[in-house]
file work-v1.pdb (PDB, C-alpha atoms and all ligand atoms)
ATOM      1  CA  MET A   1      51.622  61.378 162.435
ATOM      2  CA  THR A   2      49.404  58.385 161.670
ATOM      3  CA  LEU A   3      47.023  57.513 158.861
ATOM      4  CA  ARG A   4      45.611  54.385 160.483
ATOM      5  CA  GLY A   5      42.006  53.811 159.415
ATOM      6  CA  THR A   6      42.309  55.924 156.249
ATOM      7  CA  THR A   7      42.546  54.949 152.583
ATOM      8  CA  VAL A   8      44.754  56.843 150.138
ATOM      9  CA  LEU A   9      45.037  56.416 146.383
ATOM     10  CA  VAL A  10      48.265  57.299 144.574
ATOM     11  CA  THR A  11      48.244  57.340 140.766
ATOM     12  CA  GLY A  12      51.625  56.313 139.393
ATOM     13  CA  GLY A  13      52.257  54.598 142.717
ATOM     14  CA  THR A  14      54.176  51.817 140.992
ATOM     15  CA  GLY A  15      57.284  53.836 140.134
ATOM     16  CA  GLY A  16      59.274  57.058 140.554
ATOM     17  CA  ILE A  17      58.088  59.704 143.013
ATOM     18  CA  GLY A  18      54.649  58.062 143.272
ATOM     19  CA  LYS A  19      56.100  54.812 144.620
ATOM     20  CA  GLU A  20      58.054  56.740 147.287
ATOM     21  CA  THR A  21      54.888  58.670 148.163
ATOM     22  CA  ALA A  22      52.994  55.387 148.518
ATOM     23  CA  ARG A  23      55.823  53.927 150.634
ATOM     24  CA  GLY A  24      55.737  56.915 152.981
ATOM     25  CA  LEU A  25      51.961  56.735 153.340
ATOM     26  CA  ALA A  26      52.070  52.946 153.896
ATOM     27  CA  ARG A  27      54.592  53.499 156.699
ATOM     28  CA  LEU A  28      52.119  55.887 158.312
ATOM     29  CA  GLY A  29      49.595  53.036 158.425
ATOM     30  CA  ALA A  30      47.201  54.035 155.621
ATOM     31  CA  ARG A  31      45.521  51.505 153.365
ATOM     32  CA  VAL A  32      47.208  52.384 150.084
ATOM     33  CA  VAL A  33      45.713  51.955 146.640
ATOM     34  CA  LEU A  34      48.351  51.971 143.874
ATOM     35  CA  VAL A  35      47.473  52.712 140.266
ATOM     36  CA  GLY A  36      49.761  51.855 137.350
ATOM     37  CA  ARG A  37      49.278  50.539 133.825
ATOM     38  CA  ASP A  38      50.901  47.163 134.100
ATOM     39  CA  PRO A  39      49.560  44.427 136.440
ATOM     40  CA  GLY A  40      52.997  42.794 136.866
ATOM     41  CA  ARG A  41      54.750  46.048 137.798
ATOM     42  CA  ALA A  42      51.862  47.041 140.057
ATOM     43  CA  GLU A  43      51.898  43.726 141.967
ATOM     44  CA  ALA A  44      55.695  43.860 142.294
ATOM     45  CA  ALA A  45      55.507  47.403 143.709
ATOM     46  CA  ALA A  46      52.749  46.397 146.144
ATOM     47  CA  ALA A  47      54.785  43.382 147.348
ATOM     48  CA  GLU A  48      57.838  45.603 147.858
ATOM     49  CA  LEU A  49      55.846  48.166 149.839
ATOM     50  CA  ARG A  50      54.175  45.489 151.995
ATOM     51  CA  ARG A  51      57.583  44.011 152.820
ATOM     52  CA  ASP A  52      59.172  47.353 153.440
ATOM     53  CA  SER A  53      56.445  48.971 155.538
ATOM     54  CA  GLY A  54      55.036  45.894 157.286
ATOM     55  CA  ASN A  55      51.640  47.155 156.113
ATOM     56  CA  ASP A  56      49.526  44.499 154.362
ATOM     57  CA  GLY A  57      46.887  46.989 153.291
ATOM     58  CA  ILE A  58      48.270  47.702 149.822
ATOM     59  CA  ALA A  59      45.873  47.211 146.911
ATOM     60  CA  VAL A  60      46.524  47.610 143.192
ATOM     61  CA  HIS A  61      44.405  48.773 140.272
ATOM     62  CA  THR A  62      45.512  49.089 136.668
ATOM     63  CA  ALA A  63      44.473  51.802 134.244
ATOM     64  CA  ASP A  64      45.983  53.941 131.511
ATOM     65  CA  LEU A  65      45.078  57.395 132.761
ATOM     66  CA  THR A  66      45.293  58.940 129.298
ATOM     67  CA  ARG A  67      42.112  57.019 128.366
ATOM     68  CA  ARG A  68      38.695  58.236 129.401
ATOM     69  CA  ARG A  69      37.191  54.738 129.515
ATOM     70  CA  ASP A  70      40.005  53.544 131.816
ATOM     71  CA  LEU A  71      39.399  56.488 134.160
ATOM     72  CA  HIS A  72      35.694  55.600 134.397
ATOM     73  CA  ARG A  73      36.428  51.914 134.955
ATOM     74  CA  LEU A  74      39.088  52.723 137.561
ATOM     75  CA  ALA A  75      36.746  55.001 139.506
ATOM     76  CA  GLU A  76      33.983  52.380 139.449
ATOM     77  CA  GLU A  77      36.354  49.675 140.682
ATOM     78  CA  VAL A  78      37.774  51.886 143.434
ATOM     79  CA  LEU A  79      34.330  52.906 144.695
ATOM     80  CA  GLU A  80      33.190  49.275 144.641
ATOM     81  CA  ARG A  81      36.256  47.687 146.235
ATOM     82  CA  HIS A  82      37.147  50.195 148.980
ATOM     83  CA  ASP A  83      34.714  51.278 151.654
ATOM     84  CA  ARG A  84      36.215  54.758 151.983
ATOM     85  CA  LEU A  85      38.632  57.130 150.292
ATOM     86  CA  ASP A  86      40.308  59.875 152.322
ATOM     87  CA  VAL A  87      43.124  61.042 150.053
ATOM     88  CA  LEU A  88      43.679  61.146 146.297
ATOM     89  CA  VAL A  89      47.194  61.933 145.082
ATOM     90  CA  ASN A  90      47.020  62.718 141.354
ATOM     91  CA  ASN A  91      50.714  62.023 140.872
ATOM     92  CA  VAL A  92      50.953  60.731 137.284
ATOM     93  CA  GLY A  93      52.596  63.144 134.882
ATOM     94  CA  VAL A  94      54.055  62.508 131.452
ATOM     95  CA  ALA A  95      56.286  64.403 129.040
ATOM     96  CA  ARG A  96      56.100  63.221 125.427
ATOM     97  CA  GLU A  97      58.711  63.989 122.795
ATOM     98  CA  ARG A  98      56.258  64.119 119.914
ATOM     99  CA  ARG A  99      52.692  65.266 119.608
ATOM    100  CA  GLU A 100      50.382  62.250 119.765
ATOM    101  CA  LEU A 101      46.664  61.924 120.261
ATOM    102  CA  THR A 102      44.940  59.487 122.619
ATOM    103  CA  GLU A 103      42.108  57.244 121.487
ATOM    104  CA  ASP A 104      39.777  60.066 122.666
ATOM    105  CA  GLY A 105      41.494  62.514 120.289
ATOM    106  CA  VAL A 106      43.183  64.482 123.095
ATOM    107  CA  GLU A 107      46.880  65.402 122.994
ATOM    108  CA  THR A 108      48.549  62.787 125.248
ATOM    109  CA  THR A 109      50.544  65.018 127.629
ATOM    110  CA  PHE A 110      47.504  67.225 128.195
ATOM    111  CA  ALA A 111      45.338  64.123 128.710
ATOM    112  CA  ALA A 112      47.663  62.688 131.378
ATOM    113  CA  ASN A 113      48.620  65.927 133.147
ATOM    114  CA  VAL A 114      45.333  67.836 133.105
ATOM    115  CA  ILE A 115      42.321  65.774 132.013
ATOM    116  CA  ALA A 116      43.174  62.681 134.099
ATOM    117  CA  PRO A 117      43.400  64.531 137.455
ATOM    118  CA  TYR A 118      40.315  66.582 136.570
ATOM    119  CA  LEU A 119      38.153  63.593 135.635
ATOM    120  CA  LEU A 120      39.418  61.152 138.264
ATOM    121  CA  THR A 121      38.847  63.722 141.007
ATOM    122  CA  ARG A 122      35.332  64.373 139.750
ATOM    123  CA  LEU A 123      34.508  60.668 139.595
ATOM    124  CA  LEU A 124      35.872  59.958 143.090
ATOM    125  CA  LEU A 125      34.453  63.081 144.690
ATOM    126  CA  PRO A 126      31.443  61.379 146.343
ATOM    127  CA  ALA A 127      33.806  59.180 148.375
ATOM    128  CA  LEU A 128      36.322  61.957 149.063
ATOM    129  CA  THR A 129      33.735  64.426 150.358
ATOM    130  CA  SER A 130      31.757  61.842 152.356
ATOM    131  CA  THR A 131      34.407  61.785 155.096
ATOM    132  CA  GLY A 132      34.037  65.574 155.504
ATOM    133  CA  ALA A 133      37.836  65.899 155.391
ATOM    134  CA  GLY A 134      38.952  64.495 152.033
ATOM    135  CA  ARG A 135      42.251  65.651 150.583
ATOM    136  CA  ILE A 136      43.211  65.920 146.934
ATOM    137  CA  VAL A 137      46.823  66.592 145.979
ATOM    138  CA  ASN A 138      47.815  67.532 142.414
ATOM    139  CA  ILE A 139      51.468  67.530 141.342
ATOM    140  CA  THR A 140      52.928  70.296 139.244
ATOM    141  CA  GLY A 141      56.261  70.708 137.449
ATOM    142  CA  GLY A 142      59.271  72.917 137.916
ATOM    143  CA  VAL A 143      58.584  75.982 135.784
ATOM    144  CA  PRO A 144      55.238  77.459 136.794
ATOM    145  CA  LYS A 145      56.149  80.744 135.103
ATOM    146  CA  GLY A 146      55.274  82.421 131.835
ATOM    147  CA  ARG A 147      51.944  82.738 130.158
ATOM    148  CA  ILE A 148      49.317  80.173 129.299
ATOM    149  CA  ASP A 149      48.914  80.064 125.528
ATOM    150  CA  LEU A 150      45.171  79.530 125.315
ATOM    151  CA  ASP A 151      45.311  78.903 121.552
ATOM    152  CA  ASN A 152      47.891  76.163 121.962
ATOM    153  CA  LEU A 153      46.824  74.199 125.052
ATOM    154  CA  GLN A 154      47.110  70.856 123.268
ATOM    155  CA  GLY A 155      50.409  71.733 121.587
ATOM    156  CA  GLU A 156      48.795  72.292 118.200
ATOM    157  CA  ARG A 157      51.629  74.657 117.123
ATOM    158  CA  ASP A 158      55.434  74.431 117.440
ATOM    159  CA  PHE A 159      55.389  71.307 119.608
ATOM    160  CA  VAL A 160      58.494  71.000 121.813
ATOM    161  CA  GLY A 161      58.049  68.248 124.409
ATOM    162  CA  LEU A 162      59.288  69.947 127.579
ATOM    163  CA  SER A 163      57.871  73.383 126.727
ATOM    164  CA  HIS A 164      54.507  71.748 126.197
ATOM    165  CA  TYR A 165      54.907  69.779 129.446
ATOM    166  CA  ASN A 166      55.370  73.112 131.270
ATOM    167  CA  GLN A 167      52.239  74.499 129.607
ATOM    168  CA  THR A 168      50.234  71.465 130.737
ATOM    169  CA  LYS A 169      51.477  71.925 134.309
ATOM    170  CA  LEU A 170      50.387  75.578 134.282
ATOM    171  CA  ALA A 171      47.026  74.436 132.917
ATOM    172  CA  LEU A 172      46.866  71.818 135.689
ATOM    173  CA  MET A 173      47.428  74.572 138.257
ATOM    174  CA  ALA A 174      44.718  76.743 136.687
ATOM    175  CA  MET A 175      42.289  73.796 136.733
ATOM    176  CA  SER A 176      43.269  72.976 140.339
ATOM    177  CA  TYR A 177      42.670  76.555 141.516
ATOM    178  CA  THR A 178      39.140  76.531 140.083
ATOM    179  CA  PHE A 179      38.447  73.023 141.395
ATOM    180  CA  ALA A 180      39.543  74.050 144.901
ATOM    181  CA  GLU A 181      37.364  77.173 144.723
ATOM    182  CA  ARG A 182      34.374  75.008 143.864
ATOM    183  CA  LEU A 183      35.147  72.589 146.703
ATOM    184  CA  GLU A 184      35.124  75.310 149.380
ATOM    185  CA  GLY A 185      32.941  74.096 152.272
ATOM    186  CA  LYS A 186      32.055  70.809 150.511
ATOM    187  CA  GLY A 187      34.030  68.337 152.651
ATOM    188  CA  ALA A 188      37.319  68.084 150.733
ATOM    189  CA  THR A 189      40.347  70.262 150.036
ATOM    190  CA  LEU A 190      42.538  70.436 146.939
ATOM    191  CA  ASN A 191      46.123  71.698 146.899
ATOM    192  CA  VAL A 192      49.047  71.609 144.481
ATOM    193  CA  ALA A 193      52.565  70.405 145.296
ATOM    194  CA  TYR A 194      55.840  70.848 143.435
ATOM    195  CA  PRO A 195      58.143  67.906 144.274
ATOM    196  CA  GLY A 196      61.503  69.185 142.962
ATOM    197  CA  HIS A 197      63.824  67.395 140.527
ATOM    198  CA  ALA A 198      64.247  63.632 140.546
ATOM    199  CA  TYR A 199      65.800  61.239 138.045
ATOM    200  CA  THR A 200      62.934  58.933 137.063
ATOM    201  CA  SER A 201      61.497  57.197 134.003
ATOM    202  CA  MET A 202      59.875  60.497 133.028
ATOM    203  CA  ASN A 203      63.137  62.274 132.249
ATOM    204  CA  ARG A 204      65.350  59.190 131.695
ATOM    205  CA  GLY A 205      63.859  58.517 128.280
ATOM    206  CA  LEU A 206      63.852  62.061 126.896
ATOM    207  CA  THR A 207      66.175  62.797 123.963
ATOM    208  CA  THR A 208      67.609  66.162 122.929
ATOM    209  CA  GLY A 209      64.633  66.909 120.671
ATOM    210  CA  ALA A 210      62.330  67.191 123.690
ATOM    211  CA  TYR A 211      64.243  70.207 125.036
ATOM    212  CA  PRO A 212      63.774  73.813 123.862
ATOM    213  CA  ALA A 213      66.394  74.776 121.219
ATOM    214  CA  ALA A 214      68.318  77.065 123.619
ATOM    215  CA  ALA A 215      68.865  74.209 126.091
ATOM    216  CA  ARG A 216      69.944  71.558 123.552
ATOM    217  CA  PRO A 217      73.716  72.223 123.687
ATOM    218  CA  ILE A 218      73.781  71.380 127.399
ATOM    219  CA  VAL A 219      71.553  68.296 127.189
ATOM    220  CA  PRO A 220      74.477  65.793 127.201
ATOM    221  CA  LEU A 221      75.747  67.467 130.392
ATOM    222  CA  LEU A 222      72.276  67.374 131.947
ATOM    223  CA  ARG A 223      71.889  63.713 131.069
ATOM    224  CA  ALA A 224      75.200  62.888 132.723
ATOM    225  CA  ALA A 225      74.469  64.990 135.814
ATOM    226  CA  MET A 226      70.856  63.953 136.465
ATOM    227  CA  PRO A 227      71.500  60.439 137.856
ATOM    228  CA  VAL A 228      74.270  61.785 140.092
ATOM    229  CA  LEU A 229      72.485  64.878 141.383
ATOM    230  CA  TYR A 230      68.912  63.575 141.395
ATOM    231  CA  GLY A 231      69.172  59.829 142.047
ATOM    232  CA  ARG A 232      67.348  57.719 144.627
ATOM    233  CA  ARG A 233      67.752  60.197 147.497
ATOM    234  CA  ALA A 234      66.208  62.981 145.405
ATOM    235  CA  VAL A 235      63.286  60.712 144.460
ATOM    236  CA  VAL A 236      62.577  60.036 148.139
ATOM    237  CA  LYS A 237      62.926  63.750 148.930
ATOM    238  CA  ALA A 238      60.545  64.618 146.079
ATOM    239  CA  SER A 239      57.821  62.477 147.673
ATOM    240  CA  ARG A 240      57.833  64.541 150.865
ATOM    241  CA  SER A 241      55.596  67.358 149.666
ATOM    242  CA  SER A 242      52.851  64.917 148.619
ATOM    243  CA  ILE A 243      53.163  63.002 151.894
ATOM    244  CA  HIS A 244      52.964  66.270 153.827
ATOM    245  CA  LEU A 245      49.807  67.384 152.003
ATOM    246  CA  ALA A 246      48.248  63.932 152.288
ATOM    247  CA  ALA A 247      49.000  63.294 155.933
ATOM    248  CA  ASP A 248      50.027  66.256 158.058
ATOM    249  CA  PRO A 249      47.246  67.317 160.458
ATOM    250  CA  ARG A 250      48.470  70.950 160.187
ATOM    251  CA  VAL A 251      47.293  71.161 156.576
ATOM    252  CA  GLY A 252      43.982  69.401 157.228
ATOM    253  CA  GLY A 253      41.807  72.448 156.523
ATOM    254  CA  VAL A 254      44.115  74.157 154.040
ATOM    255  CA  ASN A 255      42.584  74.563 150.593
ATOM    256  CA  ARG A 256      43.581  76.114 147.242
ATOM    257  CA  THR A 257      47.246  76.464 148.158
ATOM    258  CA  TYR A 258      50.329  75.937 146.049
ATOM    259  CA  PHE A 259      53.213  74.314 147.953
ATOM    260  CA  THR A 260      56.692  74.459 146.510
ATOM    261  CA  THR A 261      59.699  72.346 147.604
ATOM    262  CA  ARG A 262      60.096  71.680 151.320
ATOM    263  CA  SER A 263      56.309  72.028 151.492
ATOM    264  CA  ARG A 264      56.454  75.822 151.652
ATOM    265  CA  PRO A 265      53.313  77.694 150.555
ATOM    266  CA  ALA A 266      54.146  79.907 147.560
ATOM    267  CA  PRO A 267      52.251  82.493 145.495
ATOM    268  CA  TRP A 268      50.298  81.115 142.539
ATOM    269  CA  PRO A 269      51.852  82.025 139.165
ATOM    270  CA  ASP A 270      50.367  85.150 137.537
ATOM    271  CA  ALA A 271      49.041  83.051 134.657
ATOM    272  CA  VAL A 272      46.951  81.062 137.135
ATOM    273  CA  LEU A 273      45.673  84.164 138.905
ATOM    274  CA  ASP A 274      44.340  85.436 135.568
ATOM    275  CA  ARG A 275      40.650  84.526 135.652
ATOM    276  CA  ARG A 276      40.387  84.395 131.854
ATOM    277  CA  ASN A 277      42.994  81.605 131.760
ATOM    278  CA  ARG A 278      41.292  79.676 134.531
ATOM    279  CA  ASP A 279      37.883  79.874 132.874
ATOM    280  CA  ALA A 280      39.268  78.809 129.486
ATOM    281  CA  VAL A 281      41.160  75.837 130.960
ATOM    282  CA  TRP A 282      38.125  74.780 133.006
ATOM    283  CA  ALA A 283      35.856  74.930 129.960
ATOM    284  CA  LEU A 284      38.340  72.815 127.968
ATOM    285  CA  CYS A 285      38.533  70.240 130.786
ATOM    286  CA  GLU A 286      34.750  69.982 130.883
ATOM    287  CA  ARG A 287      34.612  69.526 127.124
ATOM    288  CA  LEU A 288      37.481  67.010 126.817
ATOM    289  CA  ALA A 289      36.423  64.967 129.836
ATOM    290  CA  GLY A 290      33.165  64.237 128.037
TER
HETATM  291  N1  LIG B 301      60.905  63.732 138.045
HETATM  292  C1  LIG B 301      61.003  65.046 138.165
HETATM  293  O1  LIG B 301      62.092  65.640 138.091
HETATM  294  C2  LIG B 301      59.764  65.860 138.382
HETATM  295  C3  LIG B 301      59.919  67.247 138.581
HETATM  296  C4  LIG B 301      58.776  68.021 138.800
HETATM  297  C5  LIG B 301      57.533  67.409 138.817
HETATM  298  N2  LIG B 301      57.419  66.071 138.598
HETATM  299  C6  LIG B 301      56.071  65.488 138.616
HETATM  300  O2  LIG B 301      56.008  64.477 139.596
HETATM  301  C7  LIG B 301      55.062  63.465 139.201
HETATM  302  C8  LIG B 301      55.727  62.102 139.240
HETATM  303  O3  LIG B 301      56.801  62.118 138.324
HETATM  304  P1  LIG B 301      57.879  60.954 138.199
HETATM  305  O4  LIG B 301      59.140  61.632 137.785
HETATM  306  O5  LIG B 301      57.860  60.085 139.404
HETATM  307  O6  LIG B 301      57.311  60.169 136.938
HETATM  308  P2  LIG B 301      57.561  58.649 136.497
HETATM  309  O7  LIG B 301      58.728  58.048 137.188
HETATM  310  O8  LIG B 301      57.578  58.646 135.006
HETATM  311  O9  LIG B 301      56.223  57.960 137.004
HETATM  312  C9  LIG B 301      56.055  56.608 136.817
HETATM  313  C10 LIG B 301      54.712  56.194 137.343
HETATM  314  O10 LIG B 301      53.657  56.798 136.559
HETATM  315  C11 LIG B 301      52.853  55.751 136.029
HETATM  316  N3  LIG B 301      52.293  56.143 134.723
HETATM  317  C12 LIG B 301      52.932  56.773 133.718
HETATM  318  N4  LIG B 301      52.081  56.974 132.689
HETATM  319  C13 LIG B 301      50.882  56.484 133.075
HETATM  320  C14 LIG B 301      49.595  56.396 132.462
HETATM  321  N5  LIG B 301      49.372  56.829 131.221
HETATM  322  N6  LIG B 301      48.597  55.824 133.164
HETATM  323  C15 LIG B 301      48.804  55.340 134.410
HETATM  324  N7  LIG B 301      49.990  55.390 135.039
HETATM  325  C16 LIG B 301      51.010  55.949 134.379
HETATM  326  C17 LIG B 301      53.800  54.569 135.934
HETATM  327  O11 LIG B 301      53.055  53.392 135.877
HETATM  328  P3  LIG B 301      53.596  52.073 135.118
HETATM  329  O12 LIG B 301      53.907  51.115 136.225
HETATM  330  O13 LIG B 301      52.463  51.654 134.299
HETATM  331  O14 LIG B 301      54.795  52.467 134.313
HETATM  332  C18 LIG B 301      54.553  54.704 137.231
HETATM  333  O15 LIG B 301      53.764  54.279 138.313
HETATM  334  C19 LIG B 301      54.594  63.877 137.800
HETATM  335  O16 LIG B 301      53.385  64.583 137.878
HETATM  336  C20 LIG B 301      55.699  64.789 137.311
HETATM  337  O17 LIG B 301      55.242  65.705 136.331
HETATM  338  C21 LIG B 301      58.508  65.273 138.388
END

call {"tool": "encode", "arguments": {"input": "work-v1.pdb", "output": "structure tokens", "more": "lines below"}}
Ligand SMILES: NC(=O)c1ccc[n+]([C@@H]2O[C@H](COP(=O)([O-])OP(=O)(O)OC[C@H]3O[C@@H](n4cnc5c(N)ncnc54)[C@H](OP(=O)(O)O)[C@@H]3O)[C@@H](O)[C@H]2O)c1
result
Amino acid sequence: MTLRGTTVLVTGGTGGIGKETARGLARLGARVVLVGRDPGRAEAAAAELRRDSGNDGIAVHTADLTRRRDLHRLAEEVLERHDRLDVLVNNVGVARERRELTEDGVETTFAANVIAPYLLTRLLLPALTSTGAGRIVNITGGVPKGRIDLDNLQGERDFVGLSHYNQTKLALMAMSYTFAERLEGKGATLNVAYPGHAYTSMNRGLTTGAYPAAARPIVPLLRAAMPVLYGRRAVVKASRSSIHLAADPRVGGVNRTYFTTRSRPAPWPDAVLDRRNRDAVWALCERLAG
């Protein structure tokens, strides 16, 4: 498998699963564009990946993906600085303990997990479709079950961090399904990957209050077990599904598919198959993306 001659962009490529995804893609010879918030961390990650992969084609951009103006600036800079874009991995995901609003007035977890991939994909679509074989990969979370609470998409009621995170990932999948439907025959595919558990900055910082009440008694145990069970090896393993969807020639023409761990295609959750949910999430994305 080689990606020589292609350019891939990985959001959150400066840490966690995103950095391992970027490392894997750099080893396959792609020009890799990393996006993180902090210039120092981004440059350090790029230097590490250059050293490790022997690939000098690692570029960095900085943006806070929860901000609409940063997403617009990032897209402009990417389109200006890189002569092509073959793959976009919308990897960034956040889980907040408390309900907070972004400067655009959007709930932060929803902004990062749903609006950012929606808007960034839209803004970069001219480049992605111009190759005729663009690939977009969106990353979901571990519990794509249950219903989508359409009246509570931004956690307006009973906010519990991880429950809301799961809602945003279901909403991301609903948005992705519609996006992929609209891309049919337009020169790019969009699929969703579930990476599996990994101990990263996303779950490292969460306190007991972020967990649903029923899970709180076992949180100390979880916190002790996570680094042991889901340390560095799990982080590398979690990057494989994104690398597979970004690079494997066998999935080149595959569109609107949900891949679970070990890159196995899986049925979409019922909540995503419900057209009413998809239409409501899409309409909200259009409205909040401005
Ligand atoms: N970890 C798991 O167990 C797990 C399980 C299922 C699904 N996932 C999903 O996998 C994806 C990656 O998760 P992860 O665990 O690797 O997360 P992570 O370690 O928290 O990701 C860190 C990366 O995200 C960037 N980032 C965070 N917030 C950002 C923002 N507002 N704007 C721009 N960049 C931002 C960081 O950039 P800085 O350099 O600026 O910090 C860094 O590059 C997410 O979509 C997550 O939901 C993770």

call {"tool": "residues_near_ligand", "arguments": {"input": "work-v1.pdb", "ligand": "ligand LIG 301 (chain B)", "cutoff": "7 Å", "atoms": "only C-alpha atoms and all ligand atoms", "output": "ChimeraX atom specification"}}
result
/A:11-19,35-38,41-42,63-66,91-94,112-113,139-142,194-203

call {"tool": "write_last_selection", "arguments": {"input": "work-v1.pdb", "atoms": "C-alpha atoms", "output": "mmCIF file, in the frame of the given file"}}
result
data_model
loop_
_atom_site.group_PDB
_atom_site.id
_atom_site.type_symbol
_atom_site.label_atom_id
_atom_site.label_comp_id
_atom_site.auth_asym_id
_atom_site.auth_seq_id
_atom_site.Cartn_x
_atom_site.Cartn_y
_atom_site.Cartn_z
ATOM 1 C CA THR A 11 48.244 57.340 140.766
ATOM 2 C CA GLY A 12 51.625 56.313 139.393
ATOM 3 C CA GLY A 13 52.257 54.598 142.717
ATOM 4 C CA THR A 14 54.176 51.817 140.992
ATOM 5 C CA GLY A 15 57.284 53.836 140.134
ATOM 6 C CA GLY A 16 59.274 57.058 140.554
ATOM 7 C CA ILE A 17 58.088 59.704 143.013
ATOM 8 C CA GLY A 18 54.649 58.062 143.272
ATOM 9 C CA LYS A 19 56.100 54.812 144.620
ATOM 10 C CA VAL A 35 47.473 52.712 140.266
ATOM 11 C CA GLY A 36 49.761 51.855 137.350
ATOM 12 C CA ARG A 37 49.278 50.539 133.825
ATOM 13 C CA ASP A 38 50.901 47.163 134.100
ATOM 14 C CA ARG A 41 54.750 46.048 137.798
ATOM 15 C CA ALA A 42 51.862 47.041 140.057
ATOM 16 C CA ALA A 63 44.473 51.802 134.244
ATOM 17 C CA ASP A 64 45.983 53.941 131.511
ATOM 18 C CA LEU A 65 45.078 57.395 132.761
ATOM 19 C CA THR A 66 45.293 58.940 129.298
ATOM 20 C CA ASN A 91 50.714 62.023 140.872
ATOM 21 C CA VAL A 92 50.953 60.731 137.284
ATOM 22 C CA GLY A 93 52.596 63.144 134.882
ATOM 23 C CA VAL A 94 54.055 62.508 131.452
ATOM 24 C CA ALA A 112 47.663 62.688 131.378
ATOM 25 C CA ASN A 113 48.620 65.927 133.147
ATOM 26 C CA ILE A 139 51.468 67.530 141.342
ATOM 27 C CA THR A 140 52.928 70.296 139.244
ATOM 28 C CA GLY A 141 56.261 70.708 137.449
ATOM 29 C CA GLY A 142 59.271 72.917 137.916
ATOM 30 C CA TYR A 194 55.840 70.848 143.435
ATOM 31 C CA PRO A 195 58.143 67.906 144.274
ATOM 32 C CA GLY A 196 61.503 69.185 142.962
ATOM 33 C CA HIS A 197 63.824 67.395 140.527
ATOM 34 C CA ALA A 198 64.247 63.632 140.546
ATOM 35 C CA TYR A 199 65.800 61.239 138.045
ATOM 36 C CA THR A 200 62.934 58.933 137.063
ATOM 37 C CA SER A 201 61.497 57.197 134.003
ATOM 38 C CA MET A 202 59.875 60.497 133.028
ATOM 39 C CA ASN A 203 63.137 62.274 132.249
#

call {"tool": "atom_distance", "arguments": {"input": "work-v1.pdb", "atom1": "CA of Leu120 (chain A)", "atom2": "CA of Arg204 (chain A)"}}
result
26.8 Å

call {"tool": "residues_near_point", "arguments": {"input": "work-v1.pdb", "point": "(55.2, 72.1, 130.1)", "cutoff": "12 Å", "atoms": "all atoms listed in the file", "output": "ChimeraX atom specification"}}
result
/A:93-97,109-110,113-114,140-149,152-155,159-173,210-212

call {"tool": "atom_distance", "arguments": {"input": "work-v1.pdb", "atom1": "CA of Ala133 (chain A)", "atom2": "CA of Gly29 (chain A)"}}
result
17.7 Å

call {"tool": "residues_around", "arguments": {"input": "work-v1.pdb", "residues": "Glu103 (chain A)", "least_positions_apart": "5", "cutoff": "10 Å", "atoms": "all atoms listed in the file", "output": "list in words"}}
result
Thr66, Arg67, Arg68, Arg69 and Thr108 of chain A

call {"tool": "resolve_selection", "arguments": {"input": "work-v1.pdb", "expression": "the PyMOL selection byres (((chain A and resi 28) around 12) and not hetatm)", "output": "list in words"}}
result
Met1, Thr2, Leu3, Arg4, Gly5, Thr6, Thr7, Val8, Thr21, Ala22, Arg23, Gly24, Leu25, Ala26, Arg27, Gly29, Ala30, Arg31, Val32, Ser53, Gly54, Asn55, Gly57, Ile243, His244, Ala246, Ala247 and Asp248 of chain A

call {"tool": "residues_around", "arguments": {"input": "work-v1.pdb", "residues": "region 176-188 of chain A", "least_positions_apart": "5", "cutoff": "10 Å", "atoms": "only C-alpha atoms", "output": "ChimeraX atom specification"}}
result
/A:86-87,114,117-118,121-122,125-139,170-171,252-258,268,272-273,275,278-279,281-282

call {"tool": "atom_distance", "arguments": {"input": "work-v1.pdb", "atom1": "CA of Arg99 (chain A)", "atom2": "CA of Ala280 (chain A)"}}
result
21.5 Å

call {"tool": "closest_residue", "arguments": {"input": "work-v1.pdb", "among": "A:Leu79, A:Val89, A:Met175, A:Leu71", "to": "Cys285 (chain A)", "atoms": "only C-alpha atoms"}}
result
A:Met175

call {"tool": "closest_residue", "arguments": {"input": "work-v1.pdb", "among": "A:Val192, A:Val60, A:Val10, A:Val106", "to": "Ser241 (chain A)", "atoms": "only C-alpha atoms"}}
result
A:Val192

call {"tool": "closest_residue", "arguments": {"input": "work-v1.pdb", "among": "A:Gly105, A:Ala75, A:Arg157, A:Leu229", "to": "Leu123 (chain A)", "atoms": "only C-alpha atoms"}}
result
A:Ala75
